[in-house]
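Q: Here it is, the structure in full.
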Amino acid sequence: MSRKITVLGVYGAYAAIVSFVFLFGGKQLMLPAIPAALFGIVAWTGVWLIHSHKSYWRLANAPARELDEREVQARLSAYWTAYSLFVTIVFVGLLALSFGSDMLRIKTWDVNDVSALVWGVFLLGLTLPTTVMMWTYDIQPVEDEA
Amino acid sequence: MSTSKSKYESWLHRSMNDPALSWAHPQSVRRKLVIAMIALPLCFTAAMWFLPSIWWFAPLLVLFVPLMGSLNGSIRGLTELRQHQLDEREGRTRDAAFRKAFWPMIAIGVAGLFLLMKPGLSVELRAGIGFAAFILTMTMPTLILAWSLPDDVKDED
């Protein structure tokens, strides 16, 4: 259960900080470029938290020769899910952004806008296969065969 | 392949295994289709750059639909059919293609994002870059399978 809370917490924290900065007036409260630094710190902290679930990080990223048959199968399936999720989230997001910027007549992007997107893509891209495994796969304890 | 469940899935399964698409099954044909599918969005972006016009979407769509259909048919719908319609080996091959495509997809997505947000680009060029990145990332697992799957082994009686 704790690993699902970690997943929700990491993505939820990033969504919350972006919402705070852009939707709830946080940008006006901060010095220029502070939000960009904040996005980077939250994204890196998220990657570090997901990475701290070492057995799942290994499952998602280790070379196939280090995994058994069942783990390889679960990993491949997780990448299929991660791919579909990533493409959907990023392109639906871009579409919404495109319509939003047209409707709000936004002509230029500042460093904070670009940072929010790039750090978001960084966080999702780097962690999504691992978080899909954390959400869907139970690592069974190794039993001695002696 | 196991049996289909819904009408749509049955139709998809039949379409993807239609003998009329057997011309696309040899690896040499599949590779030509892959090259055409990569060239299409790149030409579209170049056209939007040099001769900006929203009308370039018409040839893009006219060429994209049959090309994508042929590519899907050439791999018998491995990336389109549901998991329960694939046998264990096919499911594994499909998932492995998605894993191979994951990091290149991220790279193309990030590069596309940077270019889209670059100041001073025309709306047409932005549209070209956006659609090229979209098409390449959406189709990449299909392209990888179409390029890499070996030719069918024929029974020799």
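Ordered as shown in the structure tokens, chains take letters A, B, and onward, while each chain numbers its residues from 1 and ligands are numbered from 1 in the order shown.
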Write out, as a tab-separated table, each residue of chain A that has an atom at most 8 Å from chain B, together with the closest pair of atoms and their distance in Å to one decimal, counting only C-alpha atoms, rows going by chain and rising number.
A:
residue	atom	partner	partner_atom	distance
A:Gln73	CA	B:Arg92	CA	7.1
A:Leu76	CA	B:Asp95	CA	5.0
A:Ser77	CA	B:Asp95	CA	5.7
A:Tyr79	CA	B:Arg99	CA	5.2
A:Trp80	CA	B:Phe98	CA	5.3
A:Tyr83	CA	B:Phe102	CA	6.1
A:Val87	CA	B:Met138	CA	7.1
A:Phe91	CA	B:Phe134	CA	7.5
A:Thr108	CA	B:Pro119	CA	6.7
A:Trp109	CA	B:Met117	CA	6.8
A:Val114	CA	B:Met117	CA	7.2
A:Val118	CA	B:Val110	CA	7.2
A:Val121	CA	B:Val110	CA	7.3
A:Gly125	CA	B:Ile106	CA	6.3
Q: Store the residues picked out above in a file with N, CA, C and O atoms, as an mmCIF file, in the first residue's frame.
A:
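What landed in selection-v2.cif:
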data_model
loop_
_atom_site.group_PDB
_atom_site.id
_atom_site.type_symbol
_atom_site.label_atom_id
_atom_site.label_comp_id
_atom_site.auth_asym_id
_atom_site.auth_seq_id
_atom_site.Cartn_x
_atom_site.Cartn_y
_atom_site.Cartn_z
ATOM 1 N N GLN A 73 8.437 -10.731 -18.133
ATOM 2 C CA GLN A 73 7.082 -10.626 -18.692
ATOM 3 C C GLN A 73 6.327 -9.455 -18.057
ATOM 4 O O GLN A 73 5.685 -8.657 -18.751
ATOM 5 N N LEU A 76 7.764 -6.129 -19.377
ATOM 6 C CA LEU A 76 7.351 -5.790 -20.741
ATOM 7 C C LEU A 76 5.916 -5.272 -20.747
ATOM 8 O O LEU A 76 5.579 -4.306 -21.425
ATOM 9 N N SER A 77 5.073 -5.931 -19.975
ATOM 10 C CA SER A 77 3.680 -5.515 -19.899
ATOM 11 C C SER A 77 3.568 -4.103 -19.295
ATOM 12 O O SER A 77 2.756 -3.278 -19.742
ATOM 13 N N TYR A 79 5.792 -1.736 -19.525
ATOM 14 C CA TYR A 79 6.232 -0.753 -20.520
ATOM 15 C C TYR A 79 5.120 -0.468 -21.527
ATOM 16 O O TYR A 79 4.973 0.655 -22.002
ATOM 17 N N TRP A 80 4.335 -1.499 -21.865
ATOM 18 C CA TRP A 80 3.196 -1.285 -22.779
ATOM 19 C C TRP A 80 2.222 -0.281 -22.146
ATOM 20 O O TRP A 80 1.785 0.686 -22.777
ATOM 21 N N TYR A 83 3.834 3.250 -21.911
ATOM 22 C CA TYR A 83 3.881 3.912 -23.222
ATOM 23 C C TYR A 83 2.524 4.537 -23.549
ATOM 24 O O TYR A 83 2.430 5.705 -23.922
ATOM 25 N N VAL A 87 1.977 8.665 -23.782
ATOM 26 C CA VAL A 87 1.549 9.327 -25.025
ATOM 27 C C VAL A 87 0.207 10.026 -24.807
ATOM 28 O O VAL A 87 0.015 11.179 -25.215
ATOM 29 N N PHE A 91 0.093 14.152 -24.946
ATOM 30 C CA PHE A 91 -0.560 14.771 -26.099
ATOM 31 C C PHE A 91 -1.929 15.370 -25.762
ATOM 32 O O PHE A 91 -2.282 16.402 -26.336
ATOM 33 N N THR A 108 3.720 34.374 -25.870
ATOM 34 C CA THR A 108 5.094 33.969 -25.550
ATOM 35 C C THR A 108 5.107 33.085 -24.312
ATOM 36 O O THR A 108 4.197 33.103 -23.495
ATOM 37 N N TRP A 109 6.166 32.285 -24.221
ATOM 38 C CA TRP A 109 6.339 31.401 -23.067
ATOM 39 C C TRP A 109 7.533 31.909 -22.280
ATOM 40 O O TRP A 109 8.580 32.171 -22.855
ATOM 41 N N VAL A 114 7.971 26.941 -19.613
ATOM 42 C CA VAL A 114 8.727 25.857 -20.249
ATOM 43 C C VAL A 114 9.201 24.866 -19.196
ATOM 44 O O VAL A 114 9.112 23.643 -19.391
ATOM 45 N N VAL A 118 8.737 20.838 -19.123
ATOM 46 C CA VAL A 118 9.915 19.978 -19.301
ATOM 47 C C VAL A 118 10.172 19.123 -18.061
ATOM 48 O O VAL A 118 10.412 17.917 -18.172
ATOM 49 N N VAL A 121 7.577 16.349 -17.971
ATOM 50 C CA VAL A 121 7.895 15.259 -18.906
ATOM 51 C C VAL A 121 9.071 14.437 -18.378
ATOM 52 O O VAL A 121 9.076 13.212 -18.443
ATOM 53 N N GLY A 125 8.516 10.636 -17.679
ATOM 54 C CA GLY A 125 9.275 9.745 -18.560
ATOM 55 C C GLY A 125 10.215 8.849 -17.790
ATOM 56 O O GLY A 125 10.324 7.654 -18.061
#
Q: Could you give me, as a list in words, the residues within 10 Å of segment 19-22 of chain B, counting only C-alpha atoms and dropping anything in the same chain fewer than 6 positions from it?
A: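 These residues fall inside the cut-off: Gly69, Ser70, Leu71, Asn72, Gly73, Ser74, Ile75 and Arg76 of chain B.
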Q: Could you go through chain A and tell me which residues DSSP, when run on the backbone, assigns to helix (DSSP H, G or I), listing them as a VMD selection string?
A: chain A and resid 2 to 22 26 to 29 34 to 51 54 to 61 64 to 66 69 to 103 111 to 136
Q: Quick one: of A:Arg3, A:Met30, A:Glu69, A:Val42, who's nearest to Ala16 of chain A, counting only C-alpha atoms?
A: A:Val42
Q: Which distance in Å separates atom CA of Asn61 of chain A and atom CA of Leu85 of chain A, to one decimal?
A: 17.9 Å
Q: Residues at most 9 Å from Gln27 of chain B, counting only C-alpha atoms, excluding those fewer than 3 positions away in the same chain, as an mmCIF file with N, CA, C and O atoms, in the first residue's frame?
A:
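Output (selection34.cif):
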data_model
loop_
_atom_site.group_PDB
_atom_site.id
_atom_site.type_symbol
_atom_site.label_atom_id
_atom_site.label_comp_id
_atom_site.auth_asym_id
_atom_site.auth_seq_id
_atom_site.Cartn_x
_atom_site.Cartn_y
_atom_site.Cartn_z
ATOM 1 N N ALA B 24 1.588 -7.122 -48.056
ATOM 2 C CA ALA B 24 2.395 -6.304 -47.134
ATOM 3 C C ALA B 24 3.176 -7.149 -46.132
ATOM 4 O O ALA B 24 3.919 -6.599 -45.323
ATOM 5 N N ARG B 30 7.483 -4.465 -45.808
ATOM 6 C CA ARG B 30 7.240 -3.794 -44.516
ATOM 7 C C ARG B 30 8.253 -2.673 -44.298
ATOM 8 O O ARG B 30 7.922 -1.597 -43.819
ATOM 9 N N ARG B 31 9.506 -2.949 -44.654
ATOM 10 C CA ARG B 31 10.545 -1.926 -44.432
ATOM 11 C C ARG B 31 10.317 -0.696 -45.314
ATOM 12 O O ARG B 31 10.584 0.423 -44.887
ATOM 13 N N LYS B 32 9.822 -0.937 -46.535
ATOM 14 C CA LYS B 32 9.511 0.220 -47.398
ATOM 15 C C LYS B 32 8.367 1.035 -46.783
ATOM 16 O O LYS B 32 8.380 2.273 -46.817
ATOM 17 N N SER B 74 0.358 -5.311 -42.116
ATOM 18 C CA SER B 74 1.606 -6.020 -42.409
ATOM 19 C C SER B 74 2.126 -6.790 -41.197
ATOM 20 O O SER B 74 2.850 -7.763 -41.334
ATOM 21 N N ALA B 146 7.273 -3.730 -37.594
ATOM 22 C CA ALA B 146 7.255 -3.907 -39.051
ATOM 23 C C ALA B 146 8.682 -4.012 -39.595
ATOM 24 O O ALA B 146 8.944 -4.751 -40.542
ATOM 25 N N TRP B 147 9.607 -3.305 -38.986
ATOM 26 C CA TRP B 147 11.001 -3.338 -39.453
ATOM 27 C C TRP B 147 11.677 -4.643 -39.048
ATOM 28 O O TRP B 147 12.456 -5.212 -39.807
ATOM 29 N N SER B 148 11.394 -5.116 -37.837
ATOM 30 C CA SER B 148 12.237 -6.175 -37.266
ATOM 31 C C SER B 148 11.654 -7.582 -37.326
ATOM 32 O O SER B 148 12.409 -8.547 -37.208
ATOM 33 N N LEU B 149 10.356 -7.732 -37.491
ATOM 34 C CA LEU B 149 9.809 -9.094 -37.509
ATOM 35 C C LEU B 149 10.367 -9.856 -38.703
ATOM 36 O O LEU B 149 10.453 -9.312 -39.805
ATOM 37 N N PRO B 150 10.741 -11.118 -38.509
ATOM 38 C CA PRO B 150 11.252 -11.900 -39.643
ATOM 39 C C PRO B 150 10.129 -12.289 -40.596
ATOM 40 O O PRO B 150 8.944 -12.197 -40.241
ATOM 41 N N ASP B 151 10.503 -12.726 -41.794
ATOM 42 C CA ASP B 151 9.495 -13.226 -42.734
ATOM 43 C C ASP B 151 8.848 -14.486 -42.188
ATOM 44 O O ASP B 151 9.461 -15.227 -41.416
ATOM 45 N N ASP B 152 7.586 -14.736 -42.603
ATOM 46 C CA ASP B 152 6.917 -15.970 -42.186
ATOM 47 C C ASP B 152 7.680 -17.179 -42.717
ATOM 48 O O ASP B 152 8.187 -17.150 -43.833
#
Q: Show which residues sit within 12 Å of Thr136 of chain A, as a list in words. Count only C-alpha atoms, and ignore same-chain residues fewer than 4 positions away.
A: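 Listing them by chain and then by number gives Met1, Arg3, Lys4, Val7, Tyr56, Ala74, Arg75, Ser77, Ala78, Tyr79, Thr81, Ala82, Pro129, Thr130, Thr131 and Val132 of chain A.
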Q: When you count only C-alpha atoms, which of these residues is closest to Met140 of chain B: B:Ile38, B:Phe64, B:Trp56, B:Glu90?
A: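 Smallest separation from Met140 of chain B among the options: B:Ile38.
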